[in-house]
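Asker: What follows is coords-v2.cif, mmCIF, C-alpha atoms and all ligand atoms.
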```
data_my_file
loop_
_atom_site.label_atom_id
_atom_site.label_comp_id
_atom_site.auth_asym_id
_atom_site.auth_seq_id
_atom_site.Cartn_x
_atom_site.Cartn_y
_atom_site.Cartn_z
CA ALA P 1123 0.00 0.00 0.00
CA VAL P 1124 1.16 3.52 -0.72
CA ILE P 1125 1.30 5.88 2.26
CA ASP P 1126 0.24 9.30 1.03
CA SER P 1127 0.64 12.61 2.85
CA ASP P 1128 1.02 16.32 2.19
CA VAL P 1129 4.47 16.55 3.72
CA LEU P 1130 7.13 13.86 4.02
CA VAL P 1131 10.12 14.56 6.27
CA ILE P 1132 13.34 12.53 6.05
CA GLY P 1133 15.14 12.64 9.41
CA ALA P 1134 13.51 12.57 12.85
CA GLY P 1135 16.08 14.81 14.52
CA ALA P 1136 15.65 18.31 15.92
CA ALA P 1137 14.94 20.11 12.63
CA GLY P 1138 12.84 17.36 11.06
CA LEU P 1139 10.53 16.91 14.05
CA PHE P 1140 10.12 20.66 14.40
CA ALA P 1141 9.26 21.08 10.72
CA ALA P 1142 6.81 18.19 11.03
CA LEU P 1143 4.96 19.50 14.08
CA THR P 1144 4.75 22.99 12.55
CA ALA P 1145 3.27 21.66 9.30
CA GLY P 1146 0.95 19.35 11.25
CA GLN P 1147 -0.37 22.29 13.30
CA ARG P 1148 -1.38 23.91 9.98
CA GLY P 1149 -3.54 20.92 9.19
CA ARG P 1150 -1.09 19.24 6.83
CA ARG P 1151 -0.95 15.45 6.85
CA VAL P 1152 2.66 14.74 7.79
CA GLN P 1153 4.85 11.63 7.79
CA VAL P 1154 8.37 11.54 9.26
CA ILE P 1155 10.76 8.69 8.45
CA ASP P 1156 14.18 7.93 9.92
CA HIS P 1157 16.56 5.05 9.29
CA ALA P 1158 17.67 4.96 12.92
CA ASN P 1159 15.93 2.79 15.50
CA LYS P 1160 15.14 5.80 17.70
CA VAL P 1161 14.25 9.46 17.09
CA GLY P 1162 16.34 12.42 18.26
CA LYS P 1163 19.48 10.51 19.22
CA LYS P 1164 21.61 13.66 19.08
CA ILE P 1165 19.15 15.55 21.25
CA LEU P 1166 19.42 12.75 23.83
CA MET P 1167 23.23 12.93 23.96
CA SER P 1168 23.39 16.72 23.72
CA GLY P 1169 24.55 19.08 26.41
CA GLY P 1170 26.01 16.23 28.47
CA GLY P 1171 22.53 14.61 28.61
CA ARG P 1172 20.76 17.85 29.56
CA CYS P 1173 20.31 19.40 26.10
CA ASN P 1174 21.41 23.01 25.76
CA PHE P 1175 18.21 23.67 23.80
CA THR P 1176 18.65 27.36 22.97
CA ASN P 1177 20.64 30.48 23.67
CA THR P 1178 18.82 33.62 24.80
CA GLY P 1179 21.35 35.83 23.02
CA THR P 1180 21.02 34.21 19.58
CA THR P 1181 21.82 36.47 16.62
CA ALA P 1182 23.08 35.82 13.08
CA ALA P 1183 26.58 36.69 14.34
CA ASN P 1184 26.65 33.36 16.22
CA TYR P 1185 26.63 31.35 12.98
CA LEU P 1186 29.17 30.50 10.27
CA SER P 1187 27.96 30.29 6.68
CA ALA P 1188 29.20 31.32 3.23
CA ASN P 1189 26.19 33.68 3.33
CA PRO P 1190 26.06 35.14 6.85
CA HIS P 1191 22.67 36.78 6.11
CA PHE P 1192 20.87 33.57 5.17
CA CYS P 1193 19.91 32.56 8.72
CA LYS P 1194 18.45 35.97 9.70
CA SER P 1195 14.89 35.64 8.44
CA ALA P 1196 14.17 32.25 10.02
CA LEU P 1197 15.86 33.21 13.31
CA ALA P 1198 13.76 36.39 13.48
CA ARG P 1199 10.52 34.51 12.89
CA TYR P 1200 11.13 31.75 15.44
CA THR P 1201 13.09 33.10 18.40
CA PRO P 1202 14.60 31.62 21.58
CA ALA P 1203 11.63 33.17 23.45
CA ASP P 1204 9.26 31.15 21.26
CA PHE P 1205 11.04 27.90 22.10
CA ILE P 1206 11.25 28.81 25.80
CA ALA P 1207 7.46 29.35 25.79
CA LEU P 1208 7.07 25.82 24.39
CA VAL P 1209 9.41 24.39 27.04
CA GLU P 1210 7.37 26.14 29.73
CA LYS P 1211 4.09 24.93 28.23
CA HIS P 1212 5.43 21.38 28.68
CA ARG P 1213 6.48 22.20 32.26
CA ILE P 1214 10.11 21.30 31.64
CA ALA P 1215 12.36 22.75 34.33
CA TYR P 1216 15.43 24.52 32.95
CA HIS P 1217 18.26 26.81 33.99
CA GLU P 1218 20.84 29.12 32.48
CA LYS P 1219 24.35 27.73 32.81
CA GLU P 1220 26.34 30.68 31.48
CA LEU P 1221 26.33 33.09 28.55
CA GLY P 1222 22.61 32.67 27.80
CA GLN P 1223 22.85 28.86 27.46
CA LEU P 1224 19.62 27.17 28.60
CA PHE P 1225 19.72 23.52 29.76
CA CYS P 1226 17.09 21.09 31.07
CA ASP P 1227 17.36 20.60 34.84
CA THR P 1228 17.03 16.83 34.57
CA SER P 1229 17.33 15.25 31.14
CA SER P 1230 17.33 15.85 27.37
CA LYS P 1231 14.64 13.17 27.19
CA ALA P 1232 12.17 15.92 28.12
CA ILE P 1233 12.93 17.76 24.86
CA VAL P 1234 12.43 14.62 22.74
CA ARG P 1235 9.16 14.00 24.61
CA LEU P 1236 8.08 17.61 23.93
CA LEU P 1237 8.70 17.16 20.21
CA LEU P 1238 6.93 13.78 20.04
CA ASP P 1239 3.95 15.05 22.08
CA GLU P 1240 3.56 18.07 19.80
CA CYS P 1241 3.86 15.80 16.76
CA ALA P 1242 1.22 13.43 18.11
CA GLN P 1243 -1.13 16.32 18.89
CA ALA P 1244 -0.72 17.64 15.36
CA GLY P 1245 -1.43 14.20 13.91
CA VAL P 1246 2.12 13.67 12.64
CA GLN P 1247 3.14 10.03 12.09
CA VAL P 1248 6.74 9.14 12.90
CA ARG P 1249 8.32 5.95 11.61
CA THR P 1250 11.81 4.75 12.61
CA ASP P 1251 13.87 1.90 11.09
CA THR P 1252 12.90 3.16 7.65
CA ALA P 1253 15.63 3.47 5.05
CA VAL P 1254 15.06 5.34 1.80
CA GLU P 1255 15.83 3.21 -1.25
CA ALA P 1256 14.77 5.48 -4.11
CA ILE P 1257 13.43 9.00 -4.58
CA GLU P 1258 11.64 10.32 -7.64
CA THR P 1259 9.49 13.28 -8.54
CA ILE P 1260 5.97 12.49 -9.76
CA ALA P 1261 3.27 14.71 -11.31
CA ASP P 1262 2.12 16.22 -8.02
CA GLY P 1263 5.13 15.80 -5.77
CA TRP P 1264 7.35 12.99 -4.62
CA GLN P 1265 7.48 9.23 -4.44
CA LEU P 1266 9.90 7.42 -2.17
CA ARG P 1267 10.54 3.70 -2.03
CA THR P 1268 11.65 2.71 1.47
CA SER P 1269 12.37 -0.42 3.46
CA ASN P 1270 8.84 0.09 4.87
CA GLY P 1271 6.84 0.64 1.72
CA VAL P 1272 6.17 3.41 -0.75
CA TYR P 1273 5.51 7.00 0.41
CA THR P 1274 4.07 9.78 -1.71
CA ALA P 1275 3.79 13.45 -0.73
CA ARG P 1276 3.39 16.95 -2.18
CA SER P 1277 6.41 18.34 -0.29
CA LEU P 1278 9.65 16.68 0.77
CA ILE P 1279 11.64 18.07 3.71
CA VAL P 1280 15.24 16.88 3.98
CA ALA P 1281 16.38 17.02 7.62
CA THR P 1282 19.14 14.42 7.66
CA GLY P 1283 21.70 16.53 9.56
CA GLY P 1284 25.46 16.62 9.11
CA LEU P 1285 28.24 14.05 9.24
CA SER P 1286 29.20 14.29 12.90
CA VAL P 1287 28.96 11.23 15.12
CA PRO P 1288 28.29 8.53 12.49
CA THR P 1289 27.41 6.05 15.25
CA MET P 1290 24.29 8.19 15.95
CA GLY P 1291 22.93 7.70 12.42
CA ALA P 1292 24.62 10.60 10.61
CA THR P 1293 24.99 10.14 6.85
CA GLY P 1294 25.74 12.30 3.82
CA PHE P 1295 22.35 11.39 2.38
CA GLY P 1296 20.94 14.93 2.45
CA TYR P 1297 23.93 16.18 0.46
CA GLU P 1298 23.31 13.52 -2.19
CA ILE P 1299 19.65 14.50 -2.57
CA ALA P 1300 20.53 18.19 -2.81
CA LYS P 1301 23.21 17.52 -5.44
CA ARG P 1302 20.80 15.43 -7.45
CA TYR P 1303 18.50 18.45 -7.81
CA GLY P 1304 21.33 20.77 -8.80
CA HIS P 1305 22.46 22.22 -5.47
CA SER P 1306 26.13 22.62 -4.72
CA VAL P 1307 27.50 21.30 -1.48
CA LEU P 1308 30.27 23.34 0.12
CA PRO P 1309 33.22 21.36 1.52
CA THR P 1310 32.37 19.83 4.88
CA ARG P 1311 34.62 19.52 7.93
CA ALA P 1312 34.25 18.67 11.61
CA GLY P 1313 33.31 21.60 13.87
CA LEU P 1314 33.02 22.12 17.64
CA VAL P 1315 35.68 19.47 17.95
CA PRO P 1316 38.82 18.90 20.09
CA LEU P 1317 42.11 19.76 18.39
CA THR P 1318 45.05 17.37 18.27
CA LEU P 1319 48.73 18.17 18.73
CA SER P 1320 51.63 16.10 17.48
CA GLY P 1321 55.41 15.95 17.66
CA LYS P 1322 57.15 18.55 19.81
CA PRO P 1323 54.01 20.49 20.90
CA LEU P 1324 52.39 17.25 22.14
CA GLU P 1325 55.59 16.13 23.92
CA ARG P 1326 55.90 19.46 25.71
CA PHE P 1327 52.40 19.01 27.20
CA ASP P 1328 52.95 15.34 28.02
CA GLY P 1329 51.52 14.26 31.37
CA LEU P 1330 49.33 17.36 31.76
CA SER P 1331 46.15 15.69 30.55
CA GLY P 1332 43.23 16.79 32.77
CA VAL P 1333 44.63 20.25 33.48
CA ALA P 1334 41.99 22.94 32.87
CA LEU P 1335 42.25 26.72 32.85
CA GLU P 1336 40.47 29.77 31.52
CA VAL P 1337 42.03 31.15 28.33
CA GLU P 1338 41.19 33.43 25.48
CA ALA P 1339 41.68 31.36 22.32
CA GLN P 1340 42.19 33.29 19.10
CA CYS P 1341 42.34 32.28 15.45
CA GLY P 1342 42.31 34.96 12.79
CA LYS P 1343 39.64 37.50 13.77
CA ALA P 1344 37.72 35.08 16.03
CA SER P 1345 38.36 34.76 19.75
CA PHE P 1346 36.60 33.04 22.65
CA ARG P 1347 37.23 33.36 26.37
CA ASN P 1348 36.33 30.16 28.21
CA GLN P 1349 37.84 26.97 29.65
CA LEU P 1350 40.61 24.99 27.94
CA LEU P 1351 41.26 21.37 28.84
CA ILE P 1352 44.50 19.56 28.07
CA THR P 1353 43.83 16.01 26.80
CA HIS P 1354 45.99 12.97 26.00
CA ARG P 1355 45.97 13.91 22.32
CA GLY P 1356 45.78 17.68 22.39
CA ILE P 1357 43.41 20.36 23.64
CA SER P 1358 39.67 20.57 24.24
CA GLY P 1359 37.19 22.44 26.43
CA PRO P 1360 34.64 25.07 25.37
CA ALA P 1361 37.20 27.70 24.29
CA ILE P 1362 38.84 25.19 21.95
CA LEU P 1363 35.59 23.72 20.61
CA GLN P 1364 34.47 27.26 19.76
CA ILE P 1365 37.72 28.23 18.05
CA SER P 1366 37.82 24.89 16.15
CA ASN P 1367 35.00 26.24 13.92
CA TYR P 1368 37.42 28.92 12.69
CA TRP P 1369 40.60 26.82 12.56
CA GLN P 1370 41.88 25.05 9.47
CA PRO P 1371 45.10 23.08 8.99
CA GLY P 1372 48.05 25.44 8.83
CA LYS P 1373 46.34 28.28 10.70
CA GLU P 1374 48.01 29.40 13.91
CA LEU P 1375 46.16 29.52 17.18
CA ARG P 1376 47.06 31.95 19.92
CA LEU P 1377 46.16 31.50 23.57
CA ASP P 1378 46.01 34.19 26.20
CA LEU P 1379 46.80 32.09 29.28
CA LEU P 1380 46.10 35.04 31.61
CA PRO P 1381 43.04 36.67 30.04
CA GLY P 1382 42.29 40.04 31.58
CA THR P 1383 45.78 40.32 33.12
CA ASP P 1384 48.63 42.26 31.55
CA ALA P 1385 51.37 39.69 32.07
CA LEU P 1386 54.27 42.17 31.85
CA THR P 1387 52.84 44.44 34.55
CA TRP P 1388 52.15 41.39 36.72
CA LEU P 1389 55.68 39.96 36.21
CA GLN P 1390 57.30 43.33 37.01
CA GLN P 1391 55.22 43.54 40.16
CA MET P 1392 56.26 39.98 41.18
CA LYS P 1393 59.91 40.89 40.57
CA ALA P 1394 59.56 43.97 42.78
CA GLU P 1395 57.61 42.30 45.59
CA ARG P 1396 58.63 38.62 45.55
CA GLY P 1397 61.93 38.55 43.69
CA ALA P 1398 63.32 35.63 45.68
CA SER P 1399 60.44 33.33 44.76
CA GLU P 1400 60.72 30.93 41.84
CA LEU P 1401 58.63 32.02 38.83
CA ARG P 1402 56.92 28.61 38.90
CA THR P 1403 55.77 29.30 42.47
CA VAL P 1404 54.18 32.69 41.82
CA LEU P 1405 52.76 31.55 38.48
CA GLY P 1406 51.37 28.47 40.23
CA GLU P 1407 49.21 30.80 42.32
CA ILE P 1408 47.33 32.09 39.25
CA LEU P 1409 47.58 29.08 36.91
CA PRO P 1410 47.24 25.34 37.61
CA LYS P 1411 50.50 24.36 39.40
CA ARG P 1412 51.47 21.56 37.02
CA LEU P 1413 51.02 23.83 34.03
CA ALA P 1414 52.96 26.69 35.67
CA GLN P 1415 55.84 24.31 36.35
CA ARG P 1416 55.84 22.98 32.78
CA LEU P 1417 55.64 26.46 31.26
CA CYS P 1418 58.71 27.48 33.30
CA GLU P 1419 60.67 24.33 32.41
CA GLN P 1420 59.86 24.38 28.71
CA TRP P 1421 59.32 28.00 27.74
CA LEU P 1422 59.66 30.78 30.30
CA GLY P 1423 62.76 29.88 32.34
CA ASP P 1424 62.91 28.12 35.68
CA LYS P 1425 64.52 30.44 38.23
CA PRO P 1426 63.71 33.08 40.86
CA VAL P 1427 61.81 36.05 39.42
CA ARG P 1428 64.58 38.56 40.29
CA GLN P 1429 66.96 36.73 37.95
CA PHE P 1430 64.77 37.65 34.91
CA ASP P 1431 66.09 40.79 33.18
CA GLU P 1432 63.61 43.17 31.51
CA ARG P 1433 63.98 41.52 28.09
CA GLN P 1434 63.36 38.06 29.57
CA LEU P 1435 60.32 39.41 31.41
CA GLN P 1436 58.98 40.75 28.13
CA THR P 1437 59.50 37.41 26.39
CA ALA P 1438 57.78 35.55 29.24
CA ALA P 1439 54.93 38.06 29.26
CA SER P 1440 54.31 37.73 25.56
CA LEU P 1441 54.22 33.93 25.89
CA LEU P 1442 51.72 34.18 28.73
CA ASN P 1443 49.40 36.62 26.95
CA ASP P 1444 49.93 35.39 23.39
CA PHE P 1445 51.01 31.75 23.41
CA PRO P 1446 51.39 30.40 19.85
CA LEU P 1447 50.20 26.87 19.22
CA THR P 1448 50.13 24.77 16.07
CA ALA P 1449 47.43 22.11 16.07
CA SER P 1450 48.02 19.11 13.83
CA GLY P 1451 44.35 18.35 13.20
CA THR P 1452 40.98 17.73 14.82
CA GLU P 1453 39.55 14.60 16.37
CA GLY P 1454 37.22 14.46 13.34
CA TYR P 1455 33.55 13.58 12.91
CA ARG P 1456 33.73 10.87 15.58
CA THR P 1457 33.60 13.46 18.36
CA ALA P 1458 32.58 16.65 16.50
CA GLU P 1459 29.32 18.23 17.64
CA VAL P 1460 28.61 19.73 14.22
CA THR P 1461 29.53 19.73 10.54
CA LEU P 1462 30.73 22.95 8.94
CA GLY P 1463 29.81 23.51 5.30
CA GLY P 1464 27.02 21.56 3.61
CA VAL P 1465 24.30 22.48 1.13
CA ASP P 1466 25.07 25.93 -0.28
CA THR P 1467 22.29 28.32 0.77
CA ALA P 1468 22.61 30.31 -2.49
CA LYS P 1469 19.78 28.37 -4.14
CA VAL P 1470 17.59 27.97 -1.05
CA SER P 1471 14.91 30.46 0.04
CA SER P 1472 15.85 32.03 3.39
CA ALA P 1473 12.15 32.60 4.13
CA SER P 1474 10.86 29.07 3.54
CA MET P 1475 13.96 26.82 3.19
CA GLU P 1476 12.50 25.71 -0.15
CA SER P 1477 14.85 24.89 -2.99
CA LYS P 1478 14.89 27.52 -5.72
CA LEU P 1479 15.83 24.75 -8.16
CA GLN P 1480 13.25 22.07 -7.31
CA PRO P 1481 9.82 23.26 -6.10
CA GLY P 1482 8.49 21.19 -3.21
CA LEU P 1483 11.96 20.29 -1.92
CA PHE P 1484 12.89 21.81 1.45
CA LEU P 1485 16.21 21.59 3.36
CA VAL P 1486 16.42 22.30 7.10
CA GLY P 1487 18.85 22.09 10.02
CA GLU P 1488 22.46 21.10 9.89
CA VAL P 1489 22.40 19.71 6.34
CA LEU P 1490 22.52 23.36 5.22
CA ASP P 1491 25.69 25.44 5.29
CA VAL P 1492 24.73 27.12 8.58
CA THR P 1493 26.73 26.21 11.69
CA GLY P 1494 26.32 27.73 15.11
CA TRP P 1495 28.74 28.33 17.94
CA LEU P 1496 28.71 26.09 20.98
CA GLY P 1497 25.96 27.13 23.40
CA GLY P 1498 22.50 26.14 22.13
CA TYR P 1499 22.75 27.97 18.80
CA ASN P 1500 22.66 24.81 16.71
CA PHE P 1501 19.36 23.66 18.18
CA GLN P 1502 17.93 27.16 17.80
CA TRP P 1503 18.83 26.93 14.10
CA ALA P 1504 17.17 23.49 13.89
CA TRP P 1505 13.95 24.87 15.48
CA ALA P 1506 13.93 28.08 13.42
CA SER P 1507 14.72 26.52 10.03
CA GLY P 1508 12.31 23.65 10.76
CA HIS P 1509 9.62 26.19 11.65
CA ALA P 1510 10.21 28.16 8.43
CA ALA P 1511 9.83 25.03 6.29
CA GLY P 1512 6.87 23.75 8.32
CA GLN P 1513 5.06 27.06 7.68
CA ALA P 1514 5.59 26.78 3.94
CA ALA P 1515 5.44 23.08 3.07
P1 LIG W 1601 20.09 15.61 13.52
O1 LIG W 1601 19.58 15.98 14.85
O2 LIG W 1601 21.43 15.01 13.38
O3 LIG W 1601 19.01 14.63 12.87
C1 LIG W 1601 19.19 14.02 11.62
C2 LIG W 1601 18.32 12.78 11.58
O4 LIG W 1601 18.35 12.27 10.26
C3 LIG W 1601 18.82 11.66 12.49
O5 LIG W 1601 17.76 11.19 13.27
C4 LIG W 1601 19.33 10.60 11.53
O6 LIG W 1601 19.14 9.29 12.00
C5 LIG W 1601 18.47 10.87 10.31
N1 LIG W 1601 19.08 10.42 9.05
C6 LIG W 1601 20.33 10.64 8.60
N2 LIG W 1601 20.52 10.06 7.42
C7 LIG W 1601 19.35 9.45 7.10
C8 LIG W 1601 18.93 8.67 6.01
N3 LIG W 1601 19.75 8.39 5.00
N4 LIG W 1601 17.66 8.19 6.01
C9 LIG W 1601 16.81 8.45 7.04
N5 LIG W 1601 17.17 9.18 8.11
C10 LIG W 1601 18.43 9.69 8.13
N6 LIG W 1601 23.55 21.65 19.73
C11 LIG W 1601 23.03 22.54 20.61
O7 LIG W 1601 22.44 23.54 20.19
N7 LIG W 1601 23.12 22.32 21.97
C12 LIG W 1601 23.75 21.22 22.49
O8 LIG W 1601 23.75 21.01 23.71
C13 LIG W 1601 24.35 20.30 21.58
N8 LIG W 1601 25.04 19.23 22.04
C14 LIG W 1601 25.54 18.31 21.16
C15 LIG W 1601 26.23 17.20 21.65
C16 LIG W 1601 26.73 16.25 20.78
C17 LIG W 1601 27.51 15.09 21.32
C18 LIG W 1601 26.51 16.40 19.38
C19 LIG W 1601 27.00 15.38 18.40
C20 LIG W 1601 25.85 17.52 18.89
C21 LIG W 1601 25.37 18.49 19.76
N9 LIG W 1601 24.70 19.64 19.29
C22 LIG W 1601 24.20 20.54 20.19
C23 LIG W 1601 24.46 19.87 17.84
C24 LIG W 1601 23.02 19.44 17.50
O9 LIG W 1601 22.80 18.15 18.03
C25 LIG W 1601 22.80 19.43 15.99
O10 LIG W 1601 23.20 20.65 15.43
C26 LIG W 1601 21.32 19.18 15.68
O11 LIG W 1601 20.93 17.93 16.20
C27 LIG W 1601 21.07 19.22 14.18
O12 LIG W 1601 19.72 18.91 13.96
P2 LIG W 1601 19.24 18.22 12.62
O13 LIG W 1601 17.82 17.88 12.83
O14 LIG W 1601 19.63 19.04 11.46
O15 LIG W 1601 20.10 16.88 12.53
#
```
Can you dump the structure from the file as structure tokens?
Answerer:
Amino acid sequence: AVIDSDVLVIGAGAAGLFAALTAGQRGRRVQVIDHANKVGKKILMSGGGRCNFTNTGTTAANYLSANPHFCKSALARYTPADFIALVEKHRIAYHEKELGQLFCDTSSKAIVRLLLDECAQAGVQVRTDTAVEAIETIADGWQLRTSNGVYTARSLIVATGGLSVPTMGATGFGYEIAKRYGHSVLPTRAGLVPLTLSGKPLERFDGLSGVALEVEAQCGKASFRNQLLITHRGISGPAILQISNYWQPGKELRLDLLPGTDALTWLQQMKAERGASELRTVLGEILPKRLAQRLCEQWLGDKPVRQFDERQLQTAASLLNDFPLTASGTEGYRTAEVTLGGVDTAKVSSASMESKLQPGLFLVGEVLDVTGWLGGYNFQWAWASGHAAGQAA
């Protein structure tokens, strides 16, 4: 039997479910199919199990895209306040962690339940374990052959996400569909991902895995002040995940290890007041001790502060405020939270997410070349772009 509907959504993740419930609320008959055995797997694992579901300070400036204006219309028409109202309607307790990031108090499961409840109320049917075998356009829309029968629909919404975390069901399927209808796909790479070090830089940090400190990480014009974590293979933590979106092989990273402190003034003051103390001792009072010790041994000089002449103080200060680091790579899609690049937005309507090349084809969420910073921005894009398509499909 053929399952017919007005709107067929491929991908039961954040963007697909949101598009589906929006279209369903408009009276459209909606089917959602997903090849995974469970819906919203990324939502479940997000935010350390508590889902950072939005950011109250969301603006277009928090996204990377070849067209930085593309995301504006959808973000303006479905705002963080709109999603918060929905969270409150479902009586989900939440809190702000920092920097406008909103998390569930208990579990991300509540967000998946919210989406499924809204879908059910709007009459949306969701089917898991359903793989698409063939897609074709027919006179009045689309026909898909799947592992669970044939589906027909007037509109097709592609919400298959990016390539990150393949074990959660991520595939490049959305890119293939887009290409087939003439869209270009901009080069993809892992984003919001730990960076790896190799050779000398890795050796010099050997044994420091687990050390965390606040830094300002800078790459080109982008900079983020937050925590850095030294790992067995390199560096991670929010500051590094954020800057990873802007880093590419060969680009230099710079770390301010004492953000907000002018290191030269501080060193001169230490020399005047505590000249007999070892630099590692005084530095160990404002940085993690093991790191302070290693910095002195490997880079700054390991001796009492009074033995540093002015030129040596300047060199040490510039290392502390502007530490150069060459990453060798990223940990890749296995641990990346997002995929940079994707379907070029040039031939997609920013108002409706509909293809300008193939009427009735919509693309939403991470499959598009729109990538948010760490902090709830990626889900806000999933809700907003899903809402835009759900209003139009
Ligand atoms: P997805 O949520 O990835 O959904 C895509 C769906 O399509 C999946 O269900 C998949 O099974 C299905 N699919 C794929 N290929 C096919 C196919 N061929 N056939 C049928 N179905 C298919 N963002 C935040 O804003 N806040 C956070 O706290 C946060 N934490 C994260 C933590 C982790 C570990 C990860 C990996 C990501 C996190 N993100 C977070 C990013 C966020 O999860 C994504 O940006 C968001 O889920 C993208 O939504 P989407 O609907 O476009 O894609």
Asker: P:Leu1442, P:Val1470, P:Leu1485, P:Leu1479: which is nearest ligand LIG 1601 (chain W), counting all atoms listed in the file?
Answerer: P:Leu1485
Asker: Would you mind telling me which residue in P:Tyr1455, P:Tyr1200, P:Phe1295, P:Tyr1273 lies nearest to ligand LIG 1601 (chain W) when using all atoms listed in the file?
Answerer: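 Closest candidate: P:Phe1295.
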Asker: Take CA of Thr1310 (chain P) and CA of Thr1289 (chain P) and report the distance between them in Å, one decimal.
Answerer: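 A separation of 17.9 Å between them.
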Asker: Using all atoms listed in the file, pick whichever of P:Glu1210, P:Asp1126, P:Glu1240, P:Glu1374 has the shortest atom-to-atom distance to Gln1265 (chain P).
Answerer: P:Asp1126
Asker: If we count all atoms listed in the file, what is near Gly1487 (chain P) at a cut-off of 8 Å, once residues fewer than 5 positions away on the same chain are taken out, given as a list in words?
Answerer: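 What passes the distance filter is Ala1136, Ala1137, Gly1138, Ala1281, Gly1283, Val1492, Trp1503, Ala1504, Trp1505, Ser1507 and Gly1508 of chain P.
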Asker: Please provide the set of residues having any atom within 8 Å of Lys1469 (chain P), restricted to only C-alpha atoms, with same-chain residues fewer than 2 positions apart removed, written as a VMD selection string.
Answerer: chain P and resid 1305 1466 to 1467 1471 1477 to 1479
Asker: As number ranges by chain, please: the residues near Leu1130 (chain P) (cut-off 9 Å, all atoms listed in the file, same-chain neighbours under 4 positions excluded).
Answerer: P: 1126, 1142, 1151-1155, 1264, 1273-1280
Asker: Taking only C-alpha atoms and all ligand atoms into account, name the residue in P:Ile1233, P:Leu1490, P:Leu1319, P:Leu1409 that is nearest to ligand LIG 1601 (chain W).
Answerer: P:Leu1490
Asker: Select the residues contacting ligand LIG 1601 (chain W) at a distance of at most 7 Å, based on all atoms listed in the file, then format the selection as a VMD selection string.
Answerer: chain P and resid 1132 to 1138 1155 to 1158 1161 to 1165 1167 to 1170 1173 to 1176 1252 to 1254 1281 to 1284 1286 to 1287 1290 to 1296 1457 to 1460 1486 to 1489 1496 to 1502 1504
Asker: Could you name the residues that touch region 1320-1337 of chain P at 8 Å or less, counting all atoms listed in the file, but leaving out those on the same chain fewer than 4 positions away, as a PyMOL selection string?
Answerer: chain P and resi 1347-1356+1361+1377-1381+1409-1410+1412-1413+1416+1420+1447-1450
Asker: Please provide the set of residues having any atom within 9 Å of Ile1214 (chain P), restricted to only C-alpha atoms, with same-chain residues fewer than 5 positions apart removed, written as a list of chain:residue names.
Answerer: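 The neighbour list is P:Val1209, P:Cys1226, P:Asp1227, P:Thr1228, P:Ala1232, P:Ile1233, P:Leu1236.
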Asker: Figure out the distance between CA of Ala1256 (chain P) and CA of Cys1241 (chain P), please, to one decimal in Å.
Answerer: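 Distance reported for this atom pair: 25.7 Å.
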Asker: Measure the distance from CA of Phe1140 (chain P) to CA of Pro1316 (chain P) in Å and round it to one decimal.
Answerer: 29.3 Å
Asker: Using all atoms listed in the file, pick whichever of P:Glu1218, P:Gly1494, P:Ile1260, P:Glu1395 has the shortest atom-to-atom distance to Thr1180 (chain P).
Answerer: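 Ranked by minimum distance to Thr1180 (chain P), first place goes to P:Gly1494.
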Asker: Reconstruct N, CA and C atoms of region 1498-1507 of chain P from the incomplete input and present them as a compact mmCIF listing (two decimals), in the coordinates of the input.
Answerer:
```txt
# COMPACT_ATOMS: atom_id res chain seq x y z
N GLY P 1498 23.93 26.19 22.37
CA GLY P 1498 22.50 26.14 22.13
C GLY P 1498 22.09 26.74 20.79
N TYR P 1499 23.05 27.32 20.08
CA TYR P 1499 22.75 27.97 18.80
C TYR P 1499 22.37 26.97 17.71
N ASN P 1500 22.95 25.77 17.77
CA ASN P 1500 22.66 24.81 16.71
C ASN P 1500 21.23 24.28 16.82
N PHE P 1501 20.77 24.04 18.05
CA PHE P 1501 19.36 23.66 18.18
C PHE P 1501 18.44 24.81 17.80
N GLN P 1502 18.81 26.04 18.17
CA GLN P 1502 17.93 27.16 17.80
C GLN P 1502 17.81 27.24 16.28
N TRP P 1503 18.90 26.95 15.56
CA TRP P 1503 18.83 26.93 14.10
C TRP P 1503 17.92 25.78 13.62
N ALA P 1504 18.02 24.63 14.26
CA ALA P 1504 17.17 23.49 13.89
C ALA P 1504 15.69 23.87 14.08
N TRP P 1505 15.36 24.48 15.24
CA TRP P 1505 13.95 24.87 15.48
C TRP P 1505 13.52 25.91 14.44
N ALA P 1506 14.33 26.94 14.26
CA ALA P 1506 13.93 28.08 13.42
C ALA P 1506 13.81 27.68 11.94
N SER P 1507 14.79 26.92 11.45
CA SER P 1507 14.72 26.52 10.03
C SER P 1507 13.60 25.50 9.84
```
